[in-house]
There are 2 protein chains.
Amino acid sequence: MTHSLLAQEIASQPTLLAGLLDRELAHIGRIVAALPPFQYVLLAARGSSDHAGIYAKYAWGALAGYPVALAAPSLHTLYAAPPRMAGALVVGVSQSGQSPDIVAVLAEGRRQGRPTIAVTNAPDSPLAAVADHVVALHVGREESVAATKTYTAQLAVMAAFAAHWNGDPHYLADLRRLPEAVAAILVGADAIAARAERYRYMNQCVVLGRGYNLATALELALKLKELTYVMATAYSSADFRHGPIATIAQGAPVIAVAPSGAAHADVRALAQEVRARGAELLLIADDPATLALAQTPLALPAGVPEWLSPLTAILPGQILALHLALAKGLNPDMPRGLHKVTKTT
Amino acid sequence: MTHSLLAQEIASQPTLLAGLLDRELAHIGRIVAALPPFQYVLLAARGSSDHAGIYAKYAWGALAGYPVALAAPSLHTLYAAPPRMAGALVVGVSQSGQSPDIVAVLAEGRRQGRPTIAVTNAPDSPLAAVADHVVALHVGREESVAATKTYTAQLAVMAAFAAHWNGDPHYLADLRRLPEAVAAILVGADAIAARAERYRYMNQCVVLGRGYNLATALELALKLKELTYVMATAYSSADFRHGPIATIAQGAPVIAVAPSGAAHADVRALAQEVRARGAELLLIADDPATLALAQTPLALPAGVPEWLSPLTAILPGQILALHLALAKGLNPDMPRGLHKVTKTT
């Protein structure tokens, strides 16, 4: 790849994920065992961390049966009207642990006597200080503005909670094998990099996913916006048919995230539909027949179960966004007008 | 305005809202009185109805103290793993009442013995059939593909629940006065129509809102996509600073939804920031000093309380999207490739 910090951070993910699992998997098991009963999860996050929360909505729903409500932090800060949290496990996800609105949600959970968990790369942060349990990401300081290694680490933490809550040991075994699959994608990074040039003059695009990989679509769209200033918009394939599909005309670029699993057929069918309308198709998938539909196939390793596929499926997107930034002559480490820590009140 | 069905449906909203309140306000009060205790709301919806759900997240949180979880219908359909709903009031919102995935969430709520409410324009629909309580919208058949009158009617239903749960009669009184304020915007429709031509060659834009009016930003972006094929993307002003602001360059069109209230200062500050980066600004606001920041001010009537402002703030957006479609030579009643009822499984 290149010598940017972003490239180094992308490349570090397999090793960091393995280290995170070594250090936190058993700890997360102990947290799960120690939690009092709760009926649903109230999760507060913004930006990439919010996408990890959207992943949790599917993983914790499907594997553990818990509904996940994404908090409206503005109720706490702007409106001074925090909701009653009876029945909730309150979770805050933040790379920096510093955004005052996310801290406010967790602090209110604690005030109401609810169990609280902070997932953060900064175990000495204000967010960690108000949580009963802190899960650290152990990925080192993230130097580039665009989150990569902290995002996949957050996903791994969400996956670990799902696996422990479920209790079937094969889920934990799947998770343990994941860093290998992530490493396999990096081996193909040069092929992805070589495709970036084709999109040098792309100024907008659509990113589609569904179920577990709605999070991937949202996160990939954010990477493209941050790093390449492309107006990328993510949709659930279900919602896309409710209106936004009208925007697709000849040549419109569409990135479909379609790894094998229960959501595959729906996203693939929509990819075929937009292709029939003349869209330029980029496909993130492991199935060769699906990849063959695309002008730009971005191959995933086979054998990753769908519930963990967001951890692999984002990698081709991170690599594409990096190389598209370079093709556009932009500095991937310093997007214009962004700061690493955004403090929202 | 024009003779399109869409124009007629937009213009019908004040009368229809008044009729809806006459017919359903007391009924909603009876539903509220009859509900068993619950700890949070699980709400299932897609498309414009989902935006009404996002409004409910703020209105029910701020006025009634209930956290609102937006359901992941795919857990029920794709993954056959419906979550445990203990403690939940289960609400389905759908214009047609026909989307199988939304029906599946309500049916599961009923199977688990939870209270269920359907909000729909079709009281004889499958969604209504599986609900304990049905709130009909009474707006007549919506002929144009893009939802307008059903969206504001859904907002009014959400507002009515919030007012009844809160119990302070001034909220109900505010709601009763709302149709007048909506009518006041229609009086200024020609001025909005006259501005549409300036955006004839716009092909993408950003729509910003926060708190209650995040719903407005999302719904306006959807109208622009459906009716004008402009790649419009909505953000919370809080999330926009976490990355997407990097996309703003000289001349980039930004629509900011900034009525008076607790969210006003934040959205206004962000509008000033993007203006400083050279953005072309369209502002939906009631405060004259805020409107003066914009190349295109879209004035709202003064005196509407923030919690009801999404019901007025969407109107200038509907009118702008209609006239931009006409300026682009498109048929506002028949967007390409859309159907009125989208059935998602």
# chains A, B, ... in the order shown; residues from 1 in each chain; ligands from 1
call {"tool": "closest_atom_pairs", "arguments": {"of": "range 280-336 of chain A", "to": "range 237-257 of chain A", "cutoff": "8 Å", "atoms": "only C-alpha atoms", "output": "CSV"}}
result
residue,atom,partner,partner_atom,distance
A:Glu280,CA,A:Pro253,CA,4.6
A:Leu281,CA,A:Val254,CA,5.1
A:Leu282,CA,A:Ile255,CA,4.6
A:Leu283,CA,A:Ala256,CA,5.0
A:Ile284,CA,A:Val257,CA,4.8
A:Ala285,CA,A:Val257,CA,6.5
A:Ala313,CA,A:Val257,CA,7.2
call {"tool": "interface_residues", "arguments": {"of": "chain A", "to": "chain B", "cutoff": "8 Å", "atoms": "only C-alpha atoms", "output": "PyMOL selection string"}}
result
chain A and resi 39+46-47+57-58+61-72+74-75+78-79+81-87+146+204+211+222+225-231+233+238-239+241-248+262-263+335-339+342+344
call {"tool": "write_last_selection", "arguments": {"atoms": "C-alpha atoms", "output": "JSON list (two decimals), in the first residue's frame"}}
result
[["chain", "number", "residue", "atom", "x", "y", "z"],
["A", 39, "GLN", "CA", -34.88, -6.20, 28.85],
["A", 46, "ARG", "CA", -21.94, 9.02, 16.98],
["A", 47, "GLY", "CA", -20.10, 8.72, 13.66],
["A", 57, "LYS", "CA", -28.62, -3.96, 16.72],
["A", 58, "TYR", "CA", -28.45, -7.00, 14.43],
["A", 61, "GLY", "CA", -30.90, -9.06, 18.32],
["A", 62, "ALA", "CA", -30.18, -12.20, 16.31],
["A", 63, "LEU", "CA", -27.73, -13.96, 18.64],
["A", 64, "ALA", "CA", -28.96, -12.77, 22.03],
["A", 65, "GLY", "CA", -32.60, -11.71, 21.51],
["A", 66, "TYR", "CA", -32.10, -8.20, 22.89],
["A", 67, "PRO", "CA", -33.73, -5.25, 21.12],
["A", 68, "VAL", "CA", -31.26, -2.36, 20.76],
["A", 69, "ALA", "CA", -32.45, 1.24, 20.91],
["A", 70, "LEU", "CA", -30.02, 3.81, 19.54],
["A", 71, "ALA", "CA", -30.19, 6.68, 22.02],
["A", 72, "ALA", "CA", -31.10, 10.22, 21.02],
["A", 74, "SER", "CA", -29.93, 15.40, 22.16],
["A", 75, "LEU", "CA", -32.73, 14.48, 24.59],
["A", 78, "LEU", "CA", -30.39, 20.02, 24.03],
["A", 79, "TYR", "CA", -33.76, 19.17, 25.53],
["A", 81, "ALA", "CA", -35.39, 15.59, 29.01],
["A", 82, "PRO", "CA", -33.60, 12.27, 29.54],
["A", 83, "PRO", "CA", -35.98, 9.31, 29.15],
["A", 84, "ARG", "CA", -36.76, 6.78, 31.87],
["A", 85, "MET", "CA", -34.36, 3.89, 31.44],
["A", 86, "ALA", "CA", -36.07, 1.18, 33.49],
["A", 87, "GLY", "CA", -35.27, -2.21, 31.94],
["A", 146, "ALA", "CA", -10.67, 8.57, 9.54],
["A", 204, "GLN", "CA", -21.30, 10.84, -5.83],
["A", 211, "GLY", "CA", -29.04, -6.62, 7.91],
["A", 222, "LEU", "CA", -18.56, 7.76, 5.64],
["A", 225, "LYS", "CA", -16.99, 11.22, 2.31],
["A", 226, "GLU", "CA", -14.19, 11.84, 4.79],
["A", 227, "LEU", "CA", -11.30, 10.74, 2.61],
["A", 228, "THR", "CA", -12.37, 11.48, -0.97],
["A", 229, "TYR", "CA", -15.16, 14.11, -0.53],
["A", 230, "VAL", "CA", -17.41, 11.94, -2.71],
["A", 231, "MET", "CA", -21.06, 12.44, -1.78],
["A", 233, "THR", "CA", -24.97, 7.80, 0.57],
["A", 238, "ALA", "CA", -35.04, -2.48, 1.78],
["A", 239, "ASP", "CA", -35.29, 1.30, 2.17],
["A", 241, "ARG", "CA", -36.58, 0.59, -3.05],
["A", 242, "HIS", "CA", -38.88, 3.01, -1.14],
["A", 243, "GLY", "CA", -37.71, 6.02, -3.15],
["A", 244, "PRO", "CA", -33.97, 6.62, -3.50],
["A", 245, "ILE", "CA", -33.74, 4.10, -6.37],
["A", 246, "ALA", "CA", -35.24, 6.88, -8.51],
["A", 247, "THR", "CA", -31.84, 8.62, -8.47],
["A", 248, "ILE", "CA", -30.13, 5.80, -10.40],
["A", 262, "ALA", "CA", -29.49, -14.38, 4.68],
["A", 263, "ALA", "CA", -29.27, -10.82, 3.29],
["A", 335, "PRO", "CA", -9.12, 15.41, 5.38],
["A", 336, "ARG", "CA", -10.08, 19.04, 5.07],
["A", 337, "GLY", "CA", -12.00, 20.50, 7.94],
["A", 338, "LEU", "CA", -12.06, 17.49, 10.25],
["A", 339, "HIS", "CA", -10.70, 16.95, 13.73],
["A", 342, "THR", "CA", -15.58, 15.87, 17.79],
["A", 344, "THR", "CA", -20.98, 17.31, 20.60]]
call {"tool": "residues_around", "arguments": {"residues": "Pro310 in chain A", "least_positions_apart": "3", "cutoff": "9 Å", "atoms": "only C-alpha atoms", "output": "tab-separated table (two decimals) with C-alpha atoms, in the first residue's frame"}}
result
chain	number	residue	atom	x	y	z
A	55	TYR	CA	-24.09	-3.71	13.86
A	152	THR	CA	-13.21	-2.94	13.46
A	155	LEU	CA	-17.26	-4.42	15.92
A	212	TYR	CA	-25.61	-7.05	9.51
A	213	ASN	CA	-23.98	-5.20	6.61
A	214	LEU	CA	-26.13	-2.10	6.75
A	215	ALA	CA	-23.39	-1.00	9.18
A	216	THR	CA	-20.77	-1.71	6.50
A	259	PRO	CA	-21.39	-11.30	1.44
A	306	GLU	CA	-22.61	-13.63	7.95
A	307	TRP	CA	-22.78	-12.39	11.54
A	313	ALA	CA	-16.49	-6.52	4.37
A	314	ILE	CA	-15.36	-3.05	5.46
A	315	LEU	CA	-11.71	-3.75	4.58
call {"tool": "closest_residue", "arguments": {"among": "A:Gly29, A:Gly92, A:Gly97, A:Pro179", "to": "Arg110 in chain A", "atoms": "only C-alpha atoms"}}
result
A:Gly92
call {"tool": "select_by_dssp", "arguments": {"residues": "range 246-286 of chain A", "states": "alpha helix (DSSP H)", "output": "PyMOL selection string"}}
result
chain A and resi 264-276
call {"tool": "residues_around", "arguments": {"residues": "Lys149 in chain B", "least_positions_apart": "2", "cutoff": "9 Å", "atoms": "only C-alpha atoms", "output": "PyMOL selection string"}}
result
chain B and resi 9-13+16-17+139+142+147+151-154
call {"tool": "atom_distance", "arguments": {"atom1": "CA of Met158 in chain A", "atom2": "CA of Ala33 in chain A"}}
result
15.7 Å
call {"tool": "select_by_dssp", "arguments": {"residues": "range 33-151 of chain A", "states": "strand (DSSP E)", "output": "list in words"}}
result
Tyr40, Val41, Leu42, Leu43, Ala44, Val68, Ala69, Leu70, Ala88, Leu89, Val90, Val91, Gly92, Val93, Ser94, Thr116, Ile117, Ala118, Val119, Thr120, His133, Val134, Val135 and Ala136 of chain A
call {"tool": "residues_around", "arguments": {"residues": "range 167-172 of chain B", "least_positions_apart": "4", "cutoff": "12 Å", "atoms": "only C-alpha atoms", "output": "list of chain:residue names"}}
result
B:Leu21, B:Asp22, B:Leu25, B:Ala26, B:Ile28, B:Gly29, B:Val32, B:Ala33, B:Ala59, B:Leu63, B:Ala64, B:Ala156, B:Val157, B:Ala159, B:Ala160, B:Phe161, B:Ala162, B:Ala163, B:Arg176, B:Arg177, B:Leu178, B:Val304, B:Pro305, B:Glu306, B:Trp307, B:Leu308
call {"tool": "write_last_selection", "arguments": {"atoms": "C-alpha atoms", "output": "CSV table (one decimal), in the first residue's frame"}}
result
chain,number,residue,atom,x,y,z
B,21,LEU,CA,-57.3,15.8,14.9
B,22,ASP,CA,-61.1,16.1,15.1
B,25,LEU,CA,-57.4,13.1,19.1
B,26,ALA,CA,-59.9,11.8,21.6
B,28,ILE,CA,-55.7,8.4,20.9
B,29,GLY,CA,-56.5,9.7,24.5
B,32,VAL,CA,-53.3,5.9,26.0
B,33,ALA,CA,-55.6,5.3,28.9
B,59,ALA,CA,-41.4,13.7,20.9
B,63,LEU,CA,-42.7,14.8,26.3
B,64,ALA,CA,-43.4,11.3,27.7
B,156,ALA,CA,-49.7,14.5,13.9
B,157,VAL,CA,-50.6,11.1,15.3
B,159,ALA,CA,-47.6,14.3,18.4
B,160,ALA,CA,-51.0,13.4,19.7
B,161,PHE,CA,-49.7,10.4,21.6
B,162,ALA,CA,-46.9,12.6,23.0
B,163,ALA,CA,-49.4,15.2,24.2
B,176,ARG,CA,-55.1,22.0,17.8
B,177,ARG,CA,-53.7,25.3,16.5
B,178,LEU,CA,-51.3,23.6,14.1
B,304,VAL,CA,-44.9,27.2,16.3
B,305,PRO,CA,-43.4,25.4,19.3
B,306,GLU,CA,-40.3,23.3,18.4
B,307,TRP,CA,-41.9,20.0,19.3
B,308,LEU,CA,-44.5,20.6,16.5
call {"tool": "residues_around", "arguments": {"residues": "Leu324 in chain A", "least_positions_apart": "5", "cutoff": "9 Å", "atoms": "only C-alpha atoms", "output": "ChimeraX atom specification"}}
result
/A:193,195-200,224,227-228,319,329-330
call {"tool": "closest_residue", "arguments": {"among": "B:Thr148, B:Thr312, B:Ser96, B:Gln8", "to": "Glu180 in chain B", "atoms": "only C-alpha atoms"}}
result
B:Thr312
